[in-house]
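*Asks:* Here it is, the structure, as structure tokens.
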Amino acid sequence: MHSRLHNAPNARRGFTLVELMVVLVIISILSALTLSGLAGARQRAKIDKTKSTIRKLHEIVMPQYESYQSRRVPQSIYTSGTNSRQRALDKLRAIRSLTIFEMPDSWSDIATNGAATPLLLDSGTIPSFATNGTTRRYGAFRATLTTSATTEFGNAECLYLITSMSGFAADAMEQFRSDEISDTDKDKAPEFIDAWQRPIRFIRWAPGFSGNSLIQSGAVPDPCDPFGISGPPQDYALIPLIFSAGPDGGSAASNTEGYGITGPPATGWASLSRDSTTNPSGVSPLPGYPSTPSEAADNITNHDLISKR
């Protein structure tokens with residue numbers, strides 16, 4: 001009787017080793033797929049967060065940049081020319097100088113003692129706007145910083161300066177959360193950061209980006225110089241570039257990829273370079289970023305975001 005019960009078809013039996021291994025493999029595959037999906041979702045969330053920050057910065061910076069089309073400058077700067085064309089060119093240079101002083105993308109643009117010699121679009125004389133309230137605030141702030149504020153993340157720090165101290169958008173800083181701001185290099189000059197905790201970069205004039213931009217073209221004249229008084233290529237329409245290096249942290253710094261200061265048109269922009277005395281090509285790479293073009297493929301820029309609206 002006992003033997004028959006033991007051999008009955010319905011008697012309970014355990015799993016074999018092979019069955020257990022198959023189950024473990026299936027569980028491992030499902031877990032890997034789940035983790036991969038979660039990682040992808042997190043990465044997409046970071047990209048969306050960075051896009052949101054850059055879009056907010058663009059909507060603050062662009063009205064200020066566009067305001068120079070109608071900004072007034074002291075008549076004494078442009079009424080002493082020998083002819084009407086020279087006076088018009090002096091006025092244009094004054095407007096561009098004011099743009100540099102109020103929208104710096106390098107600490108060398110900012111005066112600490114009432115005078116500065118930033119680089120203009122051409123070789124013309126740069127009027128001083130030391131009495132301008134905005135430039136005074138910028139200069140006073142720079143004077144409080146350590147020398148390290150002039151190096152690694154200078155353009156990102158200037159972007160924060162423009163947003164927080166320009167006075168063009170009084171409530172600008174209220175739009176940003178604490179996790180969108182950091183002092184990455186601990187030099188007392190904050191930066192806006194992307195979702196990967198890296199500074200968001202800023203270039204006021206980036207002609208070399210035209211090949212990558214859907215909203216900036218060499219065929220469009222500079223709104224501040226609609227009649228091309230300054231001559232090509234200085235009459236080229238430019239849109240400030242605000243960008244993150246994206247998920248891989250790499251951003252091409254060469255003009256072949258478009259993140260240098262030179263680029264289409266190919267000549268005439270050397271004066272824009274921050275290091276033109278040591279770099280004959282006029283390329284001004286972004287400090288701290290690699291120059292491999294492929295690393296710029298996942299960059300997030302304001303040009304892309306605005307063109308996709």
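Naming scheme: A, B, ... for chains in displayed order of the structure tokens; residues 1 onward per chain; ligands 1 onward as shown.
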Mind checking which residues fall within 9 Å of region 76-89 of chain A, counting only C-alpha atoms, ignoring those fewer than 2 positions away in the same chain, and posting them as a JSON list (two decimals) with C-alpha atoms, in the first residue's frame?
*Replies:*
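Below you can see out.json, which holds the result:
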```
[["chain", "number", "residue", "atom", "x", "y", "z"],
["A", 73, "VAL", "CA", 24.34, 105.31, -27.18],
["A", 74, "PRO", "CA", 25.87, 108.73, -26.37],
["A", 91, "LYS", "CA", 27.56, 104.20, -33.84],
["A", 92, "LEU", "CA", 27.46, 100.53, -34.80],
["A", 93, "ARG", "CA", 30.73, 99.88, -32.99],
["A", 94, "ALA", "CA", 29.38, 101.65, -29.94],
["A", 127, "PRO", "CA", 34.18, 103.11, -26.50],
["A", 225, "ASP", "CA", 23.78, 96.63, -39.37],
["A", 229, "ILE", "CA", 28.18, 99.29, -43.14],
["A", 230, "SER", "CA", 30.87, 97.25, -41.39]]
```
*Asks:* Quick one: residues within 8 Å of His58 (chain A), only C-alpha atoms, excluding same-chain residues fewer than 4 positions away - as an NGL selection string?
*Replies:* :A and (54 or 62 or 242 or 302)
*Asks:* From the DSSP assignment of the backbone, select every residue of region 40-199 of chain A that is alpha helix (DSSP H), and format the answer as a PyMOL selection string.
*Replies:* chain A and resi 40-67+75-78+84-102+133-143+154-165
*Asks:* Could you write those residues out with C-alpha atoms, as a compact mmCIF listing (two decimals), in the first residue's frame?
*Replies:*
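Done, and the output landed in result33.txt:
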```txt
# COMPACT_ATOMS: atom_id res chain seq x y z
CA GLY A 40 16.80 55.05 -20.46
CA ALA A 41 13.92 56.78 -18.73
CA ARG A 42 16.28 58.51 -16.31
CA GLN A 43 18.47 59.68 -19.18
CA ARG A 44 15.46 61.06 -21.07
CA ALA A 45 14.32 62.83 -17.92
CA LYS A 46 17.75 64.46 -17.58
CA ILE A 47 17.69 65.57 -21.21
CA ASP A 48 14.22 67.09 -20.76
CA LYS A 49 15.32 68.86 -17.58
CA THR A 50 18.36 70.33 -19.33
CA LYS A 51 16.24 71.46 -22.27
CA SER A 52 13.92 73.23 -19.85
CA THR A 53 16.81 75.12 -18.22
CA ILE A 54 18.33 76.13 -21.56
CA ARG A 55 14.95 77.25 -22.90
CA LYS A 56 14.44 79.50 -19.87
CA LEU A 57 17.90 80.99 -20.31
CA HIS A 58 17.26 81.63 -24.00
CA GLU A 59 14.01 83.43 -23.26
CA ILE A 60 15.86 85.70 -20.83
CA VAL A 61 18.97 86.34 -22.92
CA MET A 62 17.40 86.87 -26.35
CA PRO A 63 15.17 89.87 -25.52
CA GLN A 64 18.23 91.54 -24.02
CA TYR A 65 20.33 90.70 -27.08
CA GLU A 66 17.65 91.93 -29.46
CA SER A 67 17.26 95.19 -27.52
CA GLN A 75 25.93 110.93 -29.46
CA SER A 76 29.43 112.10 -28.60
CA ILE A 77 30.66 108.63 -29.55
CA TYR A 78 29.48 108.74 -33.15
CA SER A 84 28.06 110.01 -42.62
CA ARG A 85 29.32 106.48 -43.27
CA GLN A 86 32.06 106.83 -40.66
CA ARG A 87 29.57 108.21 -38.13
CA ALA A 88 27.21 105.29 -38.82
CA LEU A 89 30.09 102.84 -38.37
CA ASP A 90 31.13 104.51 -35.10
CA LYS A 91 27.56 104.20 -33.84
CA LEU A 92 27.46 100.53 -34.80
CA ARG A 93 30.73 99.88 -32.99
CA ALA A 94 29.38 101.65 -29.94
CA ILE A 95 26.29 99.45 -29.94
CA ARG A 96 28.42 96.32 -30.31
CA SER A 97 30.71 97.54 -27.54
CA LEU A 98 27.71 98.02 -25.29
CA THR A 99 26.63 94.47 -26.13
CA ILE A 100 30.04 93.19 -25.04
CA PHE A 101 30.02 95.13 -21.79
CA GLU A 102 26.47 94.15 -20.82
CA GLY A 133 25.11 100.80 -14.22
CA THR A 134 25.23 97.24 -15.48
CA THR A 135 28.95 97.31 -16.22
CA ARG A 136 29.64 98.86 -12.81
CA ARG A 137 27.80 96.01 -11.10
CA TYR A 138 29.67 93.42 -13.14
CA GLY A 139 33.02 95.05 -12.41
CA ALA A 140 32.32 95.27 -8.69
CA PHE A 141 31.40 91.58 -8.63
CA ARG A 142 34.48 90.49 -10.54
CA ALA A 143 36.68 92.44 -8.15
CA GLY A 154 34.24 81.75 -17.40
CA ASN A 155 31.56 81.80 -20.10
CA ALA A 156 29.15 79.77 -17.96
CA GLU A 157 29.76 82.12 -15.02
CA CYS A 158 29.17 85.14 -17.24
CA LEU A 159 25.85 83.64 -18.31
CA TYR A 160 24.80 83.47 -14.65
CA LEU A 161 26.04 87.04 -14.17
CA ILE A 162 23.96 88.31 -17.11
CA THR A 163 20.84 86.54 -15.89
CA SER A 164 21.11 87.50 -12.23
CA MET A 165 22.54 91.04 -12.41
```
*Asks:* From the list A:Asn299, A:Ser70, A:Ser28, A:Ser213, which residue is nearest Ile239 (chain A) when using only C-alpha atoms?
*Replies:*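 Checking each of A:Asn299, A:Ser70, A:Ser28, A:Ser213 against Ile239 (chain A), counting only C-alpha atoms, the winner is A:Ser213.
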*Asks:* What does the distance from CA of Arg71 (chain A) to CA of Ile215 (chain A) come to in Å, to one decimal?
*Replies:*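 It comes out at 23.3 Å.
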*Asks:* Can you tell me how far CA of Leu214 (chain A) sits from CA of His303 (chain A), in Å to one decimal?
*Replies:* 6.6 Å
*Asks:* At what distance in Å, to one decimal, does CA of Asp222 (chain A) lie from CA of Arg204 (chain A)?
*Replies:* 13.8 Å
